[in-house]
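J.: Here you go, this is data_35.cif (mmCIF, C-alpha atoms).
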```
data_data
#
loop_
_atom_site.label_atom_id
_atom_site.label_comp_id
_atom_site.auth_asym_id
_atom_site.auth_seq_id
_atom_site.Cartn_x
_atom_site.Cartn_y
_atom_site.Cartn_z
CA MET A 1 180.27 60.26 114.89
CA GLU A 2 177.43 61.82 116.84
CA ILE A 3 178.16 64.55 119.31
CA LYS A 4 177.09 63.44 122.76
CA ASN A 5 175.67 66.47 124.42
CA SER A 6 176.81 65.45 127.87
CA GLU A 7 180.40 65.42 126.73
CA ALA A 8 180.20 68.32 124.34
CA VAL A 9 179.70 70.87 127.06
CA THR A 10 182.65 73.17 126.70
CA ASN A 11 184.36 75.15 129.36
CA GLY A 12 185.17 78.52 127.89
CA SER A 13 187.41 79.43 130.80
CA LYS A 14 190.18 77.04 129.78
CA THR A 15 193.23 79.10 129.00
CA VAL A 16 195.10 78.13 125.86
CA MET A 17 198.23 80.29 125.91
CA ASN A 18 199.62 83.54 127.19
CA SER A 19 200.73 86.63 125.31
CA ASP A 20 204.45 85.80 125.44
CA GLN A 21 203.72 82.47 123.82
CA LEU A 22 201.69 84.14 121.08
CA LEU A 23 204.52 86.59 120.43
CA GLY A 24 206.96 83.67 120.18
CA HIS A 25 204.58 81.96 117.78
CA TRP A 26 204.30 85.03 115.57
CA GLN A 27 208.02 85.78 115.55
CA GLY A 28 208.66 82.11 114.76
CA HIS A 29 206.45 82.45 111.70
CA ARG A 30 208.15 85.72 110.80
CA ALA A 31 211.54 84.02 110.94
CA LEU A 32 210.26 81.42 108.48
CA THR A 33 208.84 84.12 106.18
CA ARG A 34 212.26 85.77 106.28
CA ARG A 35 213.83 82.54 105.01
CA VAL A 36 211.24 82.38 102.24
CA ILE A 37 212.15 85.94 101.16
CA GLU A 38 215.82 84.91 101.19
CA ALA A 39 215.09 81.83 99.10
CA PHE A 40 213.73 83.88 96.17
CA PRO A 41 216.09 84.68 93.33
CA GLU A 42 216.53 88.47 93.51
CA GLU A 43 214.70 89.30 90.31
CA ASP A 44 211.86 86.83 90.78
CA LEU A 45 211.09 88.27 94.20
CA PHE A 46 209.94 91.46 92.45
CA SER A 47 208.49 90.11 89.24
CA TYR A 48 207.54 86.42 89.29
CA GLN A 49 203.84 85.68 89.62
CA ILE A 50 201.27 83.00 88.82
CA GLY A 51 197.66 83.39 87.77
CA GLY A 52 197.64 87.17 87.84
CA MET A 53 198.61 87.28 91.51
CA ARG A 54 201.13 89.73 92.95
CA PRO A 55 204.87 89.14 93.06
CA PHE A 56 205.99 87.90 96.48
CA SER A 57 207.64 91.28 97.26
CA ASP A 58 204.20 92.92 97.10
CA MET A 59 202.78 90.35 99.49
CA VAL A 60 205.68 91.08 101.85
CA LYS A 61 204.85 94.76 101.54
CA GLU A 62 201.33 93.99 102.74
CA LEU A 63 202.67 91.96 105.67
CA LEU A 64 204.95 94.83 106.69
CA ALA A 65 202.15 97.37 106.30
CA ILE A 66 200.17 95.33 108.82
CA ALA A 67 202.70 94.05 111.36
CA VAL A 68 204.11 97.05 113.24
CA PRO A 69 201.16 99.42 112.79
CA GLY A 70 199.02 96.47 113.92
CA ALA A 71 201.04 95.75 117.06
CA LYS A 72 201.13 99.49 117.82
CA GLY A 73 197.39 99.77 117.27
CA LEU A 74 196.73 96.90 119.64
CA ALA A 75 198.93 98.50 122.26
CA THR A 76 197.76 102.10 121.92
CA ASN A 77 194.40 101.93 120.12
CA ILE A 78 195.81 104.48 117.70
CA TRP A 79 195.10 103.20 114.21
CA GLU A 80 196.20 104.78 111.02
CA GLU A 81 194.82 103.78 107.66
CA LEU A 82 196.41 100.69 106.16
CA ASP A 83 199.13 101.94 103.86
CA GLU A 84 200.47 99.29 101.51
CA GLU A 85 202.31 101.86 99.43
CA ILE A 86 205.30 101.90 101.75
CA SER A 87 208.62 101.98 99.98
CA LEU A 88 210.78 98.96 100.68
CA GLY A 89 213.44 99.62 98.08
CA LYS A 90 214.14 97.42 95.11
CA SER A 91 216.50 94.85 96.54
CA LYS A 92 216.14 91.76 98.68
CA ALA A 93 218.64 93.24 101.13
CA GLU A 94 216.44 96.29 101.70
CA ILE A 95 213.34 94.16 102.21
CA LEU A 96 215.19 92.01 104.73
CA TYR A 97 216.37 95.17 106.48
CA HIS A 98 212.78 96.38 106.85
CA TRP A 99 211.74 92.90 107.96
CA ASP A 100 214.32 92.90 110.75
CA GLN A 101 213.34 96.40 111.85
CA ALA A 102 209.76 95.22 112.11
CA THR A 103 210.86 92.27 114.24
CA GLU A 104 212.32 94.70 116.79
CA ASP A 105 209.38 97.08 116.60
CA ILE A 106 206.89 94.29 117.24
CA ASN A 107 208.93 93.27 120.29
CA TYR A 108 208.81 96.89 121.43
CA TRP A 109 205.02 97.30 121.21
CA TRP A 110 204.03 93.79 122.30
CA PRO A 111 204.47 94.11 126.10
CA GLN A 112 202.43 97.31 125.98
CA ILE A 113 199.34 95.39 124.86
CA SER A 114 197.26 95.01 128.00
CA GLU A 115 195.49 91.76 128.80
CA GLU A 116 192.08 93.39 128.35
CA ARG A 117 192.90 94.37 124.77
CA PHE A 118 192.95 90.76 123.61
CA GLN A 119 189.25 90.43 124.41
CA GLU A 120 188.25 93.99 123.54
CA GLU A 121 186.45 94.78 120.33
CA MET A 122 188.38 97.18 118.14
CA LEU A 123 188.31 98.72 114.68
CA ALA A 124 191.72 97.72 113.36
CA PHE A 125 193.11 100.22 110.85
CA GLY A 126 189.88 102.12 111.29
CA GLN A 127 187.90 99.53 109.35
CA TYR A 128 188.22 95.91 110.53
CA LYS A 129 186.00 95.26 113.52
CA ASP A 130 186.96 92.32 115.70
CA LYS A 131 188.25 91.32 119.12
CA GLY A 132 191.93 91.90 119.79
CA PHE A 133 192.95 88.24 119.71
CA CYS A 134 191.07 87.72 116.42
CA THR A 135 192.76 90.78 114.91
CA LEU A 136 196.15 89.44 115.92
CA LEU A 137 195.45 85.94 114.66
CA TYR A 138 194.34 87.52 111.40
CA PHE A 139 197.73 89.21 111.04
CA ILE A 140 199.51 85.90 111.62
CA ASP A 141 197.16 83.81 109.48
CA ASN A 142 197.39 86.29 106.63
CA GLU A 143 201.17 85.92 106.71
CA ILE A 144 200.94 82.10 106.64
CA HIS A 145 198.42 82.33 103.78
CA HIS A 146 200.60 84.51 101.56
CA ARG A 147 203.79 82.70 102.48
CA GLY A 148 202.11 79.45 101.39
CA GLN A 149 201.54 81.14 98.04
CA GLY A 150 205.23 82.06 97.99
CA TYR A 151 206.01 78.35 98.38
CA VAL A 152 204.18 77.62 95.13
CA TYR A 153 206.09 80.42 93.38
CA LEU A 154 209.38 78.95 94.63
CA ARG A 155 208.49 75.37 93.66
CA SER A 156 207.38 76.57 90.27
CA LEU A 157 210.76 78.31 89.91
CA GLY A 158 212.52 75.07 90.80
CA VAL A 159 213.65 76.43 94.19
CA GLU A 160 213.29 74.24 97.29
CA PRO A 161 211.49 76.31 99.97
CA PRO A 162 212.53 76.15 103.63
CA SER A 163 210.77 73.50 105.70
CA PHE A 164 207.43 74.68 107.02
CA TRP A 165 208.08 73.24 110.48
CA GLU A 166 211.37 75.09 111.03
CA ARG A 167 210.77 78.35 112.85
CA MET B 1 213.55 101.57 116.66
CA GLU B 2 215.47 100.45 119.70
CA ILE B 3 213.85 98.21 122.24
CA LYS B 4 213.77 99.98 125.57
CA ASN B 5 214.40 97.35 128.17
CA SER B 6 212.22 99.02 130.75
CA GLU B 7 209.22 98.81 128.47
CA ALA B 8 210.05 95.48 126.90
CA VAL B 9 209.47 93.55 130.10
CA THR B 10 206.70 91.20 129.18
CA ASN B 11 204.10 89.77 131.43
CA GLY B 12 203.72 86.12 130.50
CA SER B 13 200.58 85.76 132.54
CA LYS B 14 198.42 87.77 130.14
CA THR B 15 195.75 85.48 128.80
CA VAL B 16 195.14 85.73 125.07
CA MET B 17 192.12 83.52 124.47
CA ASN B 18 190.26 80.55 125.81
CA SER B 19 189.73 77.12 124.32
CA ASP B 20 186.24 77.81 122.97
CA GLN B 21 187.62 80.78 121.07
CA LEU B 22 190.40 78.67 119.61
CA LEU B 23 187.89 76.04 118.52
CA GLY B 24 185.81 78.76 116.85
CA HIS B 25 188.94 80.04 115.15
CA TRP B 26 189.86 76.58 113.84
CA GLN B 27 186.36 75.73 112.66
CA GLY B 28 186.16 79.14 110.98
CA HIS B 29 189.27 78.27 109.02
CA ARG B 30 187.89 74.83 108.27
CA ALA B 31 184.71 76.41 106.87
CA LEU B 32 186.86 78.48 104.53
CA THR B 33 188.90 75.46 103.46
CA ARG B 34 185.59 73.72 102.69
CA ARG B 35 184.70 76.57 100.35
CA VAL B 36 188.09 76.28 98.66
CA ILE B 37 187.48 72.55 98.08
CA GLU B 38 184.08 73.42 96.63
CA ALA B 39 185.60 76.05 94.34
CA PHE B 40 187.82 73.50 92.55
CA PRO B 41 186.57 72.07 89.28
CA GLU B 42 185.96 68.37 90.05
CA GLU B 43 188.77 66.98 87.93
CA ASP B 44 191.35 69.61 88.86
CA LEU B 45 190.84 68.90 92.53
CA PHE B 46 192.40 65.48 91.97
CA SER B 47 194.92 66.20 89.25
CA TYR B 48 195.93 69.85 88.91
CA GLN B 49 199.32 70.78 90.34
CA ILE B 50 202.09 73.34 89.97
CA GLY B 51 205.83 72.87 90.34
CA GLY B 52 205.68 69.18 91.17
CA MET B 53 203.49 69.78 94.22
CA ARG B 54 200.53 67.60 95.17
CA PRO B 55 197.01 68.06 93.83
CA PHE B 56 194.81 69.90 96.33
CA SER B 57 192.88 66.70 97.14
CA ASP B 58 196.09 65.19 98.52
CA MET B 59 196.69 68.23 100.69
CA VAL B 60 193.12 67.89 101.99
CA LYS B 61 193.86 64.25 102.73
CA GLU B 62 196.77 65.37 104.91
CA LEU B 63 194.56 67.89 106.71
CA LEU B 64 191.97 65.21 107.42
CA ALA B 65 194.64 62.75 108.55
CA ILE B 66 195.71 65.31 111.15
CA ALA B 67 192.49 66.99 112.32
CA VAL B 68 190.40 64.38 114.15
CA PRO B 69 193.24 62.07 115.24
CA GLY B 70 194.97 65.26 116.43
CA ALA B 71 192.01 66.52 118.47
CA LYS B 72 191.52 63.01 119.87
CA GLY B 73 195.22 62.76 120.73
CA LEU B 74 195.10 66.07 122.55
CA ALA B 75 192.06 64.95 124.51
CA THR B 76 193.16 61.39 125.34
CA ASN B 77 196.93 61.33 124.81
CA ILE B 78 196.37 58.30 122.63
CA TRP B 79 198.28 58.87 119.42
CA GLU B 80 198.29 56.64 116.44
CA GLU B 81 200.79 56.98 113.64
CA LEU B 82 199.94 59.66 111.09
CA ASP B 83 198.15 57.87 108.28
CA GLU B 84 197.81 59.94 105.14
CA GLU B 85 196.72 56.95 103.11
CA ILE B 86 193.11 57.27 104.20
CA SER B 87 190.61 56.73 101.43
CA LEU B 88 188.45 59.75 100.70
CA GLY B 89 186.85 58.48 97.54
CA LYS B 90 187.33 60.03 94.15
CA SER B 91 184.72 62.76 94.11
CA LYS B 92 184.41 66.20 95.58
CA ALA B 93 181.16 65.16 97.25
CA GLU B 94 182.90 62.37 99.15
CA ILE B 95 185.70 64.65 100.27
CA LEU B 96 183.17 67.20 101.51
CA TYR B 97 181.34 64.41 103.33
CA HIS B 98 184.54 63.44 105.16
CA TRP B 99 185.25 67.11 105.85
CA ASP B 100 181.85 67.58 107.50
CA GLN B 101 182.26 64.41 109.54
CA ALA B 102 185.58 65.74 110.79
CA THR B 103 183.90 69.01 111.78
CA GLU B 104 181.57 67.10 114.08
CA ASP B 105 184.30 64.83 115.40
CA ILE B 106 186.51 67.78 116.31
CA ASN B 107 183.58 69.30 118.19
CA TYR B 108 183.17 65.99 119.99
CA TRP B 109 186.77 65.69 121.19
CA TRP B 110 187.46 69.37 121.84
CA PRO B 111 185.72 69.82 125.21
CA GLN B 112 187.53 66.73 126.46
CA ILE B 113 190.89 68.49 126.14
CA SER B 114 191.75 69.55 129.67
CA GLU B 115 193.25 72.97 130.36
CA GLU B 116 196.56 71.42 131.46
CA ARG B 117 196.98 69.71 128.11
CA PHE B 118 197.47 73.01 126.28
CA GLN B 119 200.68 73.62 128.23
CA GLU B 120 201.79 70.00 128.50
CA GLU B 121 204.57 68.66 126.34
CA MET B 122 203.42 65.79 124.15
CA LEU B 123 204.64 63.59 121.34
CA ALA B 124 201.95 64.18 118.72
CA PHE B 125 201.41 61.20 116.43
CA GLY B 126 204.23 59.52 118.35
CA GLN B 127 206.84 61.73 116.73
CA TYR B 128 206.27 65.52 116.97
CA LYS B 129 207.36 66.83 120.37
CA ASP B 130 205.79 70.12 121.44
CA LYS B 131 203.43 71.73 123.91
CA GLY B 132 199.72 71.16 123.38
CA PHE B 133 198.92 74.68 122.21
CA CYS B 134 201.84 74.61 119.74
CA THR B 135 200.68 71.26 118.40
CA LEU B 136 197.20 72.65 117.87
CA LEU B 137 198.42 75.85 116.25
CA TYR B 138 200.54 73.70 113.98
CA PHE B 139 197.43 71.84 112.80
CA ILE B 140 195.68 75.13 112.05
CA ASP B 141 198.71 76.83 110.48
CA ASN B 142 199.40 73.82 108.31
CA GLU B 143 195.85 74.07 106.98
CA ILE B 144 196.22 77.80 106.23
CA HIS B 145 199.57 77.10 104.53
CA HIS B 146 198.22 74.44 102.19
CA ARG B 147 194.98 76.29 101.54
CA GLY B 148 197.06 79.31 100.49
CA GLN B 149 198.68 77.01 97.95
CA GLY B 150 195.21 75.95 96.81
CA TYR B 151 194.47 79.63 96.16
CA VAL B 152 197.36 79.77 93.67
CA TYR B 153 196.07 76.61 91.96
CA LEU B 154 192.61 78.19 91.66
CA ARG B 155 193.93 81.53 90.37
CA SER B 156 196.09 79.71 87.89
CA LEU B 157 192.98 77.80 86.73
CA GLY B 158 191.14 81.10 86.29
CA VAL B 159 188.86 80.41 89.27
CA GLU B 160 188.19 83.19 91.79
CA PRO B 161 188.86 81.76 95.28
CA PRO B 162 186.63 82.61 98.25
CA SER B 163 187.65 85.69 100.23
CA PHE B 164 190.28 84.92 102.84
CA TRP B 165 188.52 86.98 105.48
CA GLU B 166 185.20 85.18 105.23
CA ARG B 167 185.03 82.37 107.75
#
```
Go ahead and express the file in the form of structure tokens.
T.:
Amino acid sequence: MEIKNSEAVTNGSKTVMNSDQLLGHWQGHRALTRRVIEAFPEEDLFSYQIGGMRPFSDMVKELLAIAVPGAKGLATNIWEELDEEISLGKSKAEILYHWDQATEDINYWWPQISEERFQEEMLAFGQYKDKGFCTLLYFIDNEIHHRGQGYVYLRSLGVEPPSFWER
Amino acid sequence: MEIKNSEAVTNGSKTVMNSDQLLGHWQGHRALTRRVIEAFPEEDLFSYQIGGMRPFSDMVKELLAIAVPGAKGLATNIWEELDEEISLGKSKAEILYHWDQATEDINYWWPQISEERFQEEMLAFGQYKDKGFCTLLYFIDNEIHHRGQGYVYLRSLGVEPPSFWER
């Protein structure tokens, strides 16, 4: 189908969603990721992998290294270096504990992100240059990406993953 | 960390992004998915699977069944039933052709989505009830989810996938 120029004129001022809706979207995804963590057999969470990729616990570590420092950075513009070497313990229960803490901490920092920040260019974690909304979407998309990989691990282990559409 | 109620008061009117930015975000993801399709060895695209999941070509079929009818539905409120039985041919070249057509078609319908539609409740494909922006994010998230699974297929085949952050 050809693009008709007359109709393809976009109106950049159309608002898509507000910040509360984006928070709800993110926390909905985080609730699903929590169920994926829960679905893993305890040992496989820390050791099972395919194709030389990381175990799912290491992916979760990355997600936790990003989430709260990311929300705080958006709110305050104080960015520390990305530290994926955080200690999450060696049990599913400990990981879930850290996950739930992060849920509260994100809710704490979120309302402190000013409207301007979403459109402002920033250097997230001192190295990733992008606008605020792109930085945030990257956090969320990265979680969906790795969680999708967790789904393959689970299927390959014969475990039925939670439904993608349930948040 | 405890949530302090005084600071946790959110302001729902903060705008996060506009519709042009969301289109750019989606098409950026679609460009990456295109590179993932390209990265598959021809035969594996149609046959390789892990854990009883679908070959990546079938996931791409789902993404194509959603993308243009979805953008059209958002613009016009005319929804047909989701039809994943579309014929994409049996070669990577044909799939990429359909992918590129969809890129143009999405660009065609996008500017016809009115601002109100993003916040309007709708019954996408006659069966999925949600607000417009949620419906759209679902399309995008579903693509990221399945593409993440494609990454595991590629890694397991010994193929280096394209970088997630390159759009």
J.: Chain B residues within 6 Å of chain A, counting all atoms listed in the file: which ones, as a list in words?
T.: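 So the contacting residues turn out to be Ile3, Ala8, Thr10, Gly12, Ser13, Lys14, Thr15, Val16, Asn18, Ser19, Asp20, Gly51, Tyr108, Pro111, Glu115, Phe118, Ile144, His145, Gly148, Gln149, Arg155 and Ser156 of chain B.
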J.: Separation of CA of Leu96 (chain B) and CA of Ile37 (chain B), in Å?
T.: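 Distance between the two atoms: 7.7 Å.
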J.: Could you please determine the separation between CA of Gly89 (chain B) and CA of Pro69 (chain B) in Å, to one decimal place?
T.: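 Taking CA of Gly89 (chain B) as the start and CA of Pro69 (chain B) as the end point, the length is 19.2 Å.
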J.: Check which residues satisfy the PyMOL selection byres ((chain A and resi 61) around 8) in the file shown, then give them as a list in words.
T.: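 Selected by the PyMOL selection byres ((chain A and resi 61) around 8) here: Ser57, Asp58, Met59, Val60, Glu62, Leu63, Leu64, Ala65, Glu84, Glu85, Ile86 and Leu88 of chain A.
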J.: Work out how far apart CA of Phe40 (chain B) and CA of Leu45 (chain A) are and give it in Å to one decimal.
T.: 27.6 Å
J.: Out of A:Leu74, A:Asp100, A:Trp79, A:Glu160, which residue has the shortest atom-to-atom distance to Glu121 (chain A) when counting all atoms listed in the file?
T.: A:Leu74
J.: Padding 6 Å on each side, edges along x, y and z: where is the centre of the box around the listed atoms of region 143-152 of chain A, and how long are its edges in Å to one decimal? Output it as JSON.
T.:
```
{"center_x": 202.2, "center_y": 81.8, "center_z": 100.9, "size_x": 19.6, "size_y": 20.3, "size_z": 23.6}
```
J.: Taking all atoms listed in the file into account, name the residue in B:Ala31, B:Pro41, B:Gly73, B:Ser163 that is nearest to Ser91 (chain B).
T.: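 For Ser91 (chain B), the nearest of the given residues is B:Pro41.
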J.: Of the candidates B:Phe139, B:Lys90, B:Gln27, B:Glu166, which shows the shortest atom-to-atom distance to Phe46 (chain B), using all atoms listed in the file?
T.: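 Nearest to Phe46 (chain B): B:Lys90.
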J.: Taking into account only C-alpha atoms, which residue in the set B:Phe56, B:Phe125, B:Trp99, B:Tyr48 is nearest to Leu82 (chain B)?
T.: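 Closest to Leu82 (chain B) of all the choices is B:Phe125.
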